[in-house]
Protein chains: 2
Amino acid sequence: MIKINIKNTKRIPDIVIEERLPKYLRALSRMYENGTLERVSSEDLGKTLNYSAAQIRKDLSYFGRFGKQGQGYDVKKLLDRLRDILGLQNRQWNMALVGVGGLGKAIMGYGRFAPQGFKIVAAFDQDPAKVGKKVAGVPVRDMKDLKDTIKEENIQIGIVAVPASSAQSVIGKLEEAGIKAILNYAPITPQKGIARIQDIDPVLKLQSMTYYLKQTEQSKK
Amino acid sequence: MIKINIKNTKRIPDIVIEERLPKYLRALSRMYENGTLERVSSEDLGKTLNYSAAQIRKDLSYFGRFGKQGQGYDVKKLLDRLRDILGLQNRQWNMALVGVGGLGKAIMGYGRFAPQGFKIVAAFDQDPAKVGKKVAGVPVRDMKDLKDTIKEENIQIGIVAVPASSAQSVIGKLEEAGIKAILNYAPITPQKGIARIQDIDPVLKLQSMTYYLKQTEQSKK
DNA sequence: GTATGTGAAAGTGTTCACAGCG
DNA sequence: CGCTGTGAACACTTTCACATAC
């Protein structure tokens, strides 16, 4: 049996994709826009992000060799490379939002999606009174049109902004319609299904901070 | 020298506090409200949260022994214990929001803070045109009143909803005013300071998902 | 019998430290 | 000579597996 020597591609830790690369991108974008710096070292980038220099070099090394020894990284080049890796280079991702209540409306009005290439192109609600109206310029549709609209509008990402009680069922419907990525604002942990899901719950974040606040309170006594 | 044998308290991993305990609490609250279950096993809880049973037992064991062998955990009792650990038992946390723009207004209208014991009791903006008006029943104040209001209103948590460009400086002002916990909606990574900070940026979450979406797209070709 | 609590083993992620390139 | 890229060492986290308690 002949063994072909494939380049030993090490597994990329999840946290690199899920947390750090997007943060690198965010920091570099800012540097680039401010136009202060043409090159950046792992040390510098680490300082602005509270990571070790080694961490940053290691993370980037999973995807290639972008730096120049003795010089650091070219900001523009690294930026482009990160956008490419994350699937953000020269393209737009279309999103469908479900649940046009207070939270849903706020999400539709959030100003940072579009400039980053994420566009909410459709909205859905189960309440007939809301269907047909427009929110942030987008017509609210009936849930029964979910599947068709997702195909027609070439939607790849779903946003869930419904109450906890209906969230799991809405996620199921999105998955049935072929959605593979969901941003979930409902306060539940969805059952594992087909789609990749990212949860947003500010209350959970507050609840972890109160743990530490409580500790400090007590140590004062 | 006499050695006192203190119980070997193992360090609690950060992720237990920062992620899992609040999720346990959220899931148990829901179970309790639905009233379906009086007891729950680590296996059951794990299934609803996509964690292993061992993980849950280990996490809880850092704080004591709450379960009964052969029976599992009493939902109500565990719920109370978790609330106690996280500093949520019979108390309210007061919060101050800075930045009454579109995002800030949406946060002030978010319906899940108050029922969980988190109350926005003051709002601040640097724009004189906004100062004096009310948003969601809360008067908007001048930034120069930050420190005094935080003392007077017994505020422990800050919420930052200003643009990236002023976020770091606002965080500094909150820290100067004695704030030890901040929920940061601005798209920056703050420099390490006195306060504990939790960041919320839905764009980062989307950007990690597109990485995987892109992979699937390519494997189809 | 059944499910917890927990040391020990396995697995995963981070830091070290230095060879090597610009 | 400075800073990257990277194996190797280290640190941390999760899972295993079983003695223990109800």
# chains A, B, ... in the order shown; residues from 1 in each chain; ligands from 1
call {"tool": "residues_around", "arguments": {"residues": "range 7-13 of chain D", "least_positions_apart": "6", "cutoff": "10 Å", "atoms": "only C-alpha atoms (C1' of nucleotides)", "output": "NGL selection string"}}
result
(:B and (13 or 15 or 55)) or (:C and (11-17))
call {"tool": "write_last_selection", "arguments": {"atoms": "N, CA and C atoms (P, O5', C5', C4', C3', O3' and C1' of nucleotides)", "output": "PDB file, in the first residue's frame"}}
result
ATOM      1  N   PRO B  13     -13.596  26.449  36.759  1.00  0.00           N
ATOM      2  CA  PRO B  13     -13.309  26.980  35.419  1.00  0.00           C
ATOM      3  C   PRO B  13     -14.219  28.169  35.099  1.00  0.00           C
ATOM      4  N   ILE B  15     -15.563  29.109  32.426  1.00  0.00           N
ATOM      5  CA  ILE B  15     -16.692  28.831  31.538  1.00  0.00           C
ATOM      6  C   ILE B  15     -17.901  28.307  32.291  1.00  0.00           C
ATOM      7  N   GLN B  55     -20.617  16.331  32.618  1.00  0.00           N
ATOM      8  CA  GLN B  55     -20.284  17.751  32.653  1.00  0.00           C
ATOM      9  C   GLN B  55     -21.136  18.478  33.687  1.00  0.00           C
TER      10      GLN B  55
ATOM     11  P    DG C  11      -8.659  10.260  23.785  1.00  0.00           P
ATOM     12  O5'  DG C  11      -8.962  11.827  23.880  1.00  0.00           O
ATOM     13  C5'  DG C  11     -10.238  12.286  24.352  1.00  0.00           C
ATOM     14  C4'  DG C  11     -10.197  13.790  24.396  1.00  0.00           C
ATOM     15  C3'  DG C  11      -9.646  14.443  23.127  1.00  0.00           C
ATOM     16  O3'  DG C  11     -10.633  15.354  22.689  1.00  0.00           O
ATOM     17  C1'  DG C  11      -8.622  15.354  25.059  1.00  0.00           C
ATOM     18  P    DT C  12     -10.550  16.122  21.306  1.00  0.00           P
ATOM     19  O5'  DT C  12     -10.223  17.612  21.733  1.00  0.00           O
ATOM     20  C5'  DT C  12     -10.983  18.249  22.763  1.00  0.00           C
ATOM     21  C4'  DT C  12     -10.281  19.518  23.162  1.00  0.00           C
ATOM     22  C3'  DT C  12      -9.684  20.311  21.996  1.00  0.00           C
ATOM     23  O3'  DT C  12     -10.374  21.548  21.963  1.00  0.00           O
ATOM     24  C1'  DT C  12      -8.164  20.151  23.816  1.00  0.00           C
ATOM     25  P    DG C  13      -9.911  22.797  21.135  1.00  0.00           P
ATOM     26  O5'  DG C  13      -8.941  23.488  22.189  1.00  0.00           O
ATOM     27  C5'  DG C  13      -9.488  24.137  23.323  1.00  0.00           C
ATOM     28  C4'  DG C  13      -8.418  24.992  23.950  1.00  0.00           C
ATOM     29  C3'  DG C  13      -7.840  26.069  23.035  1.00  0.00           C
ATOM     30  O3'  DG C  13      -7.859  27.277  23.787  1.00  0.00           O
ATOM     31  C1'  DG C  13      -6.096  24.682  23.881  1.00  0.00           C
ATOM     32  P    DT C  14      -7.086  28.588  23.367  1.00  0.00           P
ATOM     33  O5'  DT C  14      -5.719  28.422  24.162  1.00  0.00           O
ATOM     34  C5'  DT C  14      -5.732  28.535  25.583  1.00  0.00           C
ATOM     35  C4'  DT C  14      -4.321  28.697  26.085  1.00  0.00           C
ATOM     36  C3'  DT C  14      -3.576  29.909  25.509  1.00  0.00           C
ATOM     37  O3'  DT C  14      -3.066  30.618  26.640  1.00  0.00           O
ATOM     38  C1'  DT C  14      -2.291  27.931  25.215  1.00  0.00           C
ATOM     39  P    DT C  15      -2.150  31.918  26.452  1.00  0.00           P
ATOM     40  O5'  DT C  15      -0.701  31.307  26.674  1.00  0.00           O
ATOM     41  C5'  DT C  15      -0.395  30.679  27.903  1.00  0.00           C
ATOM     42  C4'  DT C  15       1.017  30.156  27.846  1.00  0.00           C
ATOM     43  C3'  DT C  15       2.074  31.209  27.507  1.00  0.00           C
ATOM     44  O3'  DT C  15       3.070  31.105  28.530  1.00  0.00           O
ATOM     45  C1'  DT C  15       2.300  29.320  26.097  1.00  0.00           C
ATOM     46  P    DC C  16       4.352  32.047  28.516  1.00  0.00           P
ATOM     47  O5'  DC C  16       5.489  31.043  28.007  1.00  0.00           O
ATOM     48  C5'  DC C  16       5.392  29.686  28.379  1.00  0.00           C
ATOM     49  C4'  DC C  16       6.579  28.898  27.867  1.00  0.00           C
ATOM     50  C3'  DC C  16       7.863  29.685  27.637  1.00  0.00           C
ATOM     51  O3'  DC C  16       8.912  28.823  28.032  1.00  0.00           O
ATOM     52  C1'  DC C  16       7.185  28.690  25.605  1.00  0.00           C
ATOM     53  P    DA C  17      10.393  29.311  28.220  1.00  0.00           P
ATOM     54  O5'  DA C  17      11.064  29.022  26.804  1.00  0.00           O
ATOM     55  C5'  DA C  17      11.260  27.671  26.374  1.00  0.00           C
ATOM     56  C4'  DA C  17      11.880  27.724  24.985  1.00  0.00           C
ATOM     57  C3'  DA C  17      12.929  28.819  24.814  1.00  0.00           C
ATOM     58  O3'  DA C  17      13.832  28.405  23.813  1.00  0.00           O
ATOM     59  C1'  DA C  17      11.244  29.193  23.300  1.00  0.00           C
TER      60       DA C  17
END
call {"tool": "closest_atom_pairs", "arguments": {"of": "chain B", "to": "chain D", "cutoff": "9 Å", "atoms": "only C-alpha atoms (C1' of nucleotides)", "output": "CSV"}}
result
residue,atom,partner,partner_atom,distance
B:Pro13,CA,D:DT13,C1',7.9
B:Ser52,CA,D:DT15,C1',8.4
B:Ala54,CA,D:DT15,C1',7.1
B:Gln55,CA,D:DT14,C1',7.0
B:Lys68,CA,D:DC22,C1',6.5
B:Gln69,CA,D:DC22,C1',5.3
B:Gly70,CA,D:DC22,C1',6.0
B:Gln71,CA,D:DC22,C1',7.7
call {"tool": "select_by_dssp", "arguments": {"residues": "chain B", "states": "strand (DSSP E)", "output": "mmCIF file with N, CA, C and O atoms, in the first residue's frame"}}
result
data_model
loop_
_atom_site.group_PDB
_atom_site.id
_atom_site.type_symbol
_atom_site.label_atom_id
_atom_site.label_comp_id
_atom_site.auth_asym_id
_atom_site.auth_seq_id
_atom_site.Cartn_x
_atom_site.Cartn_y
_atom_site.Cartn_z
ATOM 1 N N ARG B 39 -38.318 16.611 39.690
ATOM 2 C CA ARG B 39 -36.914 16.227 39.768
ATOM 3 C C ARG B 39 -36.346 16.133 38.376
ATOM 4 O O ARG B 39 -37.059 15.902 37.413
ATOM 5 N N VAL B 40 -35.040 16.304 38.311
ATOM 6 C CA VAL B 40 -34.389 16.186 37.007
ATOM 7 C C VAL B 40 -33.030 15.514 37.214
ATOM 8 O O VAL B 40 -32.331 15.797 38.186
ATOM 9 N N TYR B 73 -31.890 15.603 40.821
ATOM 10 C CA TYR B 73 -31.912 16.880 41.524
ATOM 11 C C TYR B 73 -33.340 17.386 41.657
ATOM 12 O O TYR B 73 -34.133 17.287 40.728
ATOM 13 N N ASP B 74 -33.646 17.968 42.790
ATOM 14 C CA ASP B 74 -34.929 18.634 42.992
ATOM 15 C C ASP B 74 -34.891 19.961 42.245
ATOM 16 O O ASP B 74 -34.036 20.815 42.521
ATOM 17 N N TRP B 93 -30.737 44.193 40.571
ATOM 18 C CA TRP B 93 -29.520 44.913 40.191
ATOM 19 C C TRP B 93 -29.906 46.148 39.382
ATOM 20 O O TRP B 93 -30.699 46.058 38.443
ATOM 21 N N ASN B 94 -29.356 47.283 39.761
ATOM 22 C CA ASN B 94 -29.664 48.518 39.041
ATOM 23 C C ASN B 94 -28.616 48.795 37.971
ATOM 24 O O ASN B 94 -27.427 48.595 38.194
ATOM 25 N N MET B 95 -29.090 49.262 36.816
ATOM 26 C CA MET B 95 -28.184 49.480 35.694
ATOM 27 C C MET B 95 -28.334 50.900 35.136
ATOM 28 O O MET B 95 -29.405 51.497 35.189
ATOM 29 N N ALA B 96 -27.234 51.386 34.582
ATOM 30 C CA ALA B 96 -27.243 52.678 33.887
ATOM 31 C C ALA B 96 -26.852 52.444 32.435
ATOM 32 O O ALA B 96 -25.871 51.752 32.160
ATOM 33 N N LEU B 97 -27.628 53.001 31.520
ATOM 34 C CA LEU B 97 -27.318 52.865 30.107
ATOM 35 C C LEU B 97 -26.715 54.156 29.568
ATOM 36 O O LEU B 97 -27.197 55.248 29.877
ATOM 37 N N VAL B 98 -25.658 54.018 28.781
ATOM 38 C CA VAL B 98 -25.055 55.200 28.150
ATOM 39 C C VAL B 98 -25.200 55.091 26.635
ATOM 40 O O VAL B 98 -24.802 54.082 26.042
ATOM 41 N N PHE B 118 -33.092 42.755 36.674
ATOM 42 C CA PHE B 118 -32.162 43.781 36.183
ATOM 43 C C PHE B 118 -32.965 44.987 35.708
ATOM 44 O O PHE B 118 -33.794 44.887 34.811
ATOM 45 N N LYS B 119 -32.716 46.132 36.321
ATOM 46 C CA LYS B 119 -33.540 47.298 36.024
ATOM 47 C C LYS B 119 -32.674 48.465 35.549
ATOM 48 O O LYS B 119 -31.718 48.838 36.232
ATOM 49 N N ILE B 120 -33.018 49.021 34.407
ATOM 50 C CA ILE B 120 -32.319 50.214 33.935
ATOM 51 C C ILE B 120 -32.960 51.411 34.632
ATOM 52 O O ILE B 120 -34.113 51.739 34.378
ATOM 53 N N VAL B 121 -32.217 52.027 35.534
ATOM 54 C CA VAL B 121 -32.791 53.110 36.336
ATOM 55 C C VAL B 121 -32.284 54.479 35.909
ATOM 56 O O VAL B 121 -32.758 55.500 36.397
ATOM 57 N N ALA B 122 -31.299 54.507 35.000
ATOM 58 C CA ALA B 122 -30.804 55.799 34.532
ATOM 59 C C ALA B 122 -30.250 55.668 33.124
ATOM 60 O O ALA B 122 -29.751 54.608 32.742
ATOM 61 N N ALA B 123 -30.376 56.759 32.350
ATOM 62 C CA ALA B 123 -29.833 56.775 30.992
ATOM 63 C C ALA B 123 -29.033 58.055 30.793
ATOM 64 O O ALA B 123 -29.354 59.096 31.384
ATOM 65 N N PHE B 124 -28.005 57.962 29.980
ATOM 66 C CA PHE B 124 -27.129 59.109 29.747
ATOM 67 C C PHE B 124 -26.845 59.266 28.260
ATOM 68 O O PHE B 124 -26.805 58.285 27.516
ATOM 69 N N ASP B 125 -26.671 60.545 27.855
ATOM 70 C CA ASP B 125 -26.252 60.786 26.482
ATOM 71 C C ASP B 125 -25.439 62.063 26.443
ATOM 72 O O ASP B 125 -25.647 62.962 27.257
ATOM 73 N N LYS B 134 -37.483 61.835 28.137
ATOM 74 C CA LYS B 134 -37.626 60.516 28.765
ATOM 75 C C LYS B 134 -37.635 59.412 27.707
ATOM 76 O O LYS B 134 -38.199 59.582 26.619
ATOM 77 N N VAL B 135 -37.019 58.294 28.028
ATOM 78 C CA VAL B 135 -37.071 57.120 27.155
ATOM 79 C C VAL B 135 -37.474 55.931 28.013
ATOM 80 O O VAL B 135 -36.846 55.657 29.039
ATOM 81 N N VAL B 138 -37.651 56.560 31.610
ATOM 82 C CA VAL B 138 -36.436 56.932 32.331
ATOM 83 C C VAL B 138 -35.872 58.230 31.754
ATOM 84 O O VAL B 138 -35.714 58.344 30.543
ATOM 85 N N PRO B 139 -35.595 59.216 32.609
ATOM 86 C CA PRO B 139 -35.064 60.479 32.102
ATOM 87 C C PRO B 139 -33.633 60.325 31.590
ATOM 88 O O PRO B 139 -32.825 59.624 32.199
ATOM 89 N N VAL B 140 -33.354 61.007 30.469
ATOM 90 C CA VAL B 140 -31.990 60.995 29.924
ATOM 91 C C VAL B 140 -31.193 62.115 30.585
ATOM 92 O O VAL B 140 -31.622 63.261 30.603
ATOM 93 N N ARG B 141 -30.037 61.764 31.128
ATOM 94 C CA ARG B 141 -29.245 62.742 31.868
ATOM 95 C C ARG B 141 -27.964 63.104 31.134
ATOM 96 O O ARG B 141 -27.528 62.410 30.224
ATOM 97 N N ASP B 142 -27.364 64.162 31.605
ATOM 98 C CA ASP B 142 -26.089 64.622 31.062
ATOM 99 C C ASP B 142 -24.957 63.737 31.582
ATOM 100 O O ASP B 142 -24.988 63.297 32.730
ATOM 101 N N ILE B 157 -24.280 48.205 37.587
ATOM 102 C CA ILE B 157 -23.941 47.692 36.253
ATOM 103 C C ILE B 157 -24.127 48.782 35.207
ATOM 104 O O ILE B 157 -25.104 49.530 35.251
ATOM 105 N N GLY B 158 -23.189 48.889 34.273
ATOM 106 C CA GLY B 158 -23.302 49.839 33.174
ATOM 107 C C GLY B 158 -23.595 49.138 31.860
ATOM 108 O O GLY B 158 -23.152 48.012 31.648
ATOM 109 N N ILE B 159 -24.352 49.811 30.992
ATOM 110 C CA ILE B 159 -24.584 49.285 29.647
ATOM 111 C C ILE B 159 -24.068 50.319 28.652
ATOM 112 O O ILE B 159 -24.456 51.490 28.716
ATOM 113 N N VAL B 160 -23.199 49.894 27.761
ATOM 114 C CA VAL B 160 -22.603 50.810 26.792
ATOM 115 C C VAL B 160 -23.240 50.607 25.423
ATOM 116 O O VAL B 160 -23.163 49.511 24.861
ATOM 117 N N ALA B 181 -19.076 46.239 36.602
ATOM 118 C CA ALA B 181 -19.586 45.291 35.607
ATOM 119 C C ALA B 181 -20.236 46.053 34.468
ATOM 120 O O ALA B 181 -21.049 46.956 34.696
ATOM 121 N N ILE B 182 -19.859 45.703 33.247
ATOM 122 C CA ILE B 182 -20.344 46.438 32.086
ATOM 123 C C ILE B 182 -20.794 45.481 30.993
ATOM 124 O O ILE B 182 -20.103 44.522 30.670
ATOM 125 N N LEU B 183 -21.969 45.770 30.452
ATOM 126 C CA LEU B 183 -22.465 45.050 29.291
ATOM 127 C C LEU B 183 -22.207 45.954 28.084
ATOM 128 O O LEU B 183 -22.791 47.028 27.968
ATOM 129 N N ASN B 184 -21.315 45.511 27.218
ATOM 130 C CA ASN B 184 -20.844 46.379 26.135
ATOM 131 C C ASN B 184 -21.413 45.991 24.774
ATOM 132 O O ASN B 184 -21.093 44.933 24.244
ATOM 133 N N ARG B 196 -15.330 44.253 35.073
ATOM 134 C CA ARG B 196 -15.571 43.050 34.297
ATOM 135 C C ARG B 196 -16.508 43.424 33.148
ATOM 136 O O ARG B 196 -17.491 44.136 33.361
ATOM 137 N N ILE B 197 -16.177 42.985 31.965
ATOM 138 C CA ILE B 197 -16.957 43.397 30.801
ATOM 139 C C ILE B 197 -17.439 42.197 30.017
ATOM 140 O O ILE B 197 -16.695 41.243 29.800
ATOM 141 N N GLN B 198 -18.697 42.246 29.603
ATOM 142 C CA GLN B 198 -19.236 41.241 28.694
ATOM 143 C C GLN B 198 -19.634 41.944 27.410
ATOM 144 O O GLN B 198 -20.326 42.960 27.445
ATOM 145 N N ASP B 199 -19.180 41.404 26.292
ATOM 146 C CA ASP B 199 -19.447 42.038 24.998
ATOM 147 C C ASP B 199 -20.580 41.342 24.269
ATOM 148 O O ASP B 199 -20.706 40.128 24.323
#
call {"tool": "atom_distance", "arguments": {"atom1": "CA of Gly102 in chain A", "atom2": "CA of Lys205 in chain A"}}
result
20.6 Å
call {"tool": "interface_residues", "arguments": {"of": "chain A", "to": "chain B", "cutoff": "8 Å", "atoms": "only C-alpha atoms", "output": "PyMOL selection string"}}
result
chain A and resi 17-19+21-23+26-27+48-50+85-88+102-103+106+109-110+112-113+116+180-181+183+187-192+196-198+200+202-211+213-214
call {"tool": "residues_around", "arguments": {"residues": "Phe66 in chain B", "least_positions_apart": "4", "cutoff": "9 Å", "atoms": "only C-alpha atoms (C1' of nucleotides)", "output": "MDAnalysis selection string"}}
result
chainID B and resid 60:61 72:74 77:78 81
call {"tool": "write_last_selection", "arguments": {"atoms": "C-alpha atoms", "output": "compact mmCIF listing (two decimals), in the first residue's frame"}}
result
# COMPACT_ATOMS: atom_id res chain seq x y z
CA LEU B 60 -22.53 21.40 40.15
CA SER B 61 -20.05 19.55 42.33
CA GLY B 72 -31.51 13.23 40.57
CA TYR B 73 -31.91 16.88 41.52
CA ASP B 74 -34.93 18.63 42.99
CA LYS B 77 -34.06 23.41 45.22
CA LEU B 78 -31.40 23.47 42.51
CA ARG B 81 -29.23 27.24 44.88
call {"tool": "atom_distance", "arguments": {"atom1": "CA of Gly104 in chain A", "atom2": "CA of Val162 in chain A"}}
result
7.7 Å
call {"tool": "closest_atom_pairs", "arguments": {"of": "chain C", "to": "chain B", "cutoff": "6 Å", "atoms": "only C-alpha atoms (C1' of nucleotides)", "output": "tab-separated table"}}
result
residue	atom	partner	partner_atom	distance
C:DT2	C1'	B:Gly70	CA	4.3
C:DA3	C1'	B:Gly70	CA	4.2
C:DT4	C1'	B:Gln69	CA	4.6
call {"tool": "write_last_selection", "arguments": {"atoms": "C-alpha atoms (C1' of nucleotides)", "output": "PDB file, in the first residue's frame"}}
result
ATOM      1  C1'  DT C   2     -30.502   4.004  39.841  1.00  0.00           C
ATOM      2  C1'  DA C   3     -28.196   8.300  39.490  1.00  0.00           C
ATOM      3  C1'  DT C   4     -24.797  11.142  42.039  1.00  0.00           C
TER       4       DT C   4
END
call {"tool": "decode", "arguments": {"residues": "range 115-129 of chain A", "atoms": "N, CA and C atoms", "output": "tab-separated table (two decimals), in the first residue's frame"}}
result
chain	number	residue	atom	x	y	z
A	115	PRO	N	-23.76	47.24	6.54
A	115	PRO	CA	-22.39	47.61	6.17
A	115	PRO	C	-21.42	46.44	6.23
A	116	GLN	N	-21.76	45.41	6.98
A	116	GLN	CA	-20.87	44.26	7.10
A	116	GLN	C	-21.26	43.14	6.11
A	117	GLY	N	-22.23	43.45	5.25
A	117	GLY	CA	-22.59	42.46	4.24
A	117	GLY	C	-23.69	41.50	4.65
A	118	PHE	N	-24.43	41.87	5.69
A	118	PHE	CA	-25.56	41.02	6.12
A	118	PHE	C	-26.85	41.81	5.95
A	119	LYS	N	-27.76	41.30	5.12
A	119	LYS	CA	-28.96	42.06	4.82
A	119	LYS	C	-30.21	41.27	5.16
A	120	ILE	N	-31.08	41.89	5.94
A	120	ILE	CA	-32.37	41.25	6.22
A	120	ILE	C	-33.29	41.54	5.04
A	121	VAL	N	-33.62	40.53	4.27
A	121	VAL	CA	-34.40	40.74	3.05
A	121	VAL	C	-35.84	40.26	3.20
A	122	ALA	N	-36.14	39.59	4.31
A	122	ALA	CA	-37.51	39.14	4.51
A	122	ALA	C	-37.82	39.03	6.00
A	123	ALA	N	-39.10	39.27	6.32
A	123	ALA	CA	-39.53	39.15	7.72
A	123	ALA	C	-40.81	38.33	7.77
A	124	PHE	N	-40.98	37.60	8.86
A	124	PHE	CA	-42.15	36.74	9.00
A	124	PHE	C	-42.75	36.88	10.38
A	125	ASP	N	-44.10	36.72	10.42
A	125	ASP	CA	-44.74	36.70	11.73
A	125	ASP	C	-45.98	35.82	11.65
A	126	GLN	N	-46.32	35.24	12.80
A	126	GLN	CA	-47.47	34.36	12.77
A	126	GLN	C	-48.76	35.14	12.98
A	127	ASP	N	-48.64	36.39	13.40
A	127	ASP	CA	-49.82	37.22	13.64
A	127	ASP	C	-50.35	37.82	12.32
A	128	PRO	N	-51.58	37.44	11.93
A	128	PRO	CA	-52.14	37.93	10.65
A	128	PRO	C	-52.23	39.46	10.60
A	129	ALA	N	-52.37	40.09	11.77
A	129	ALA	CA	-52.49	41.54	11.81
A	129	ALA	C	-51.20	42.22	11.35
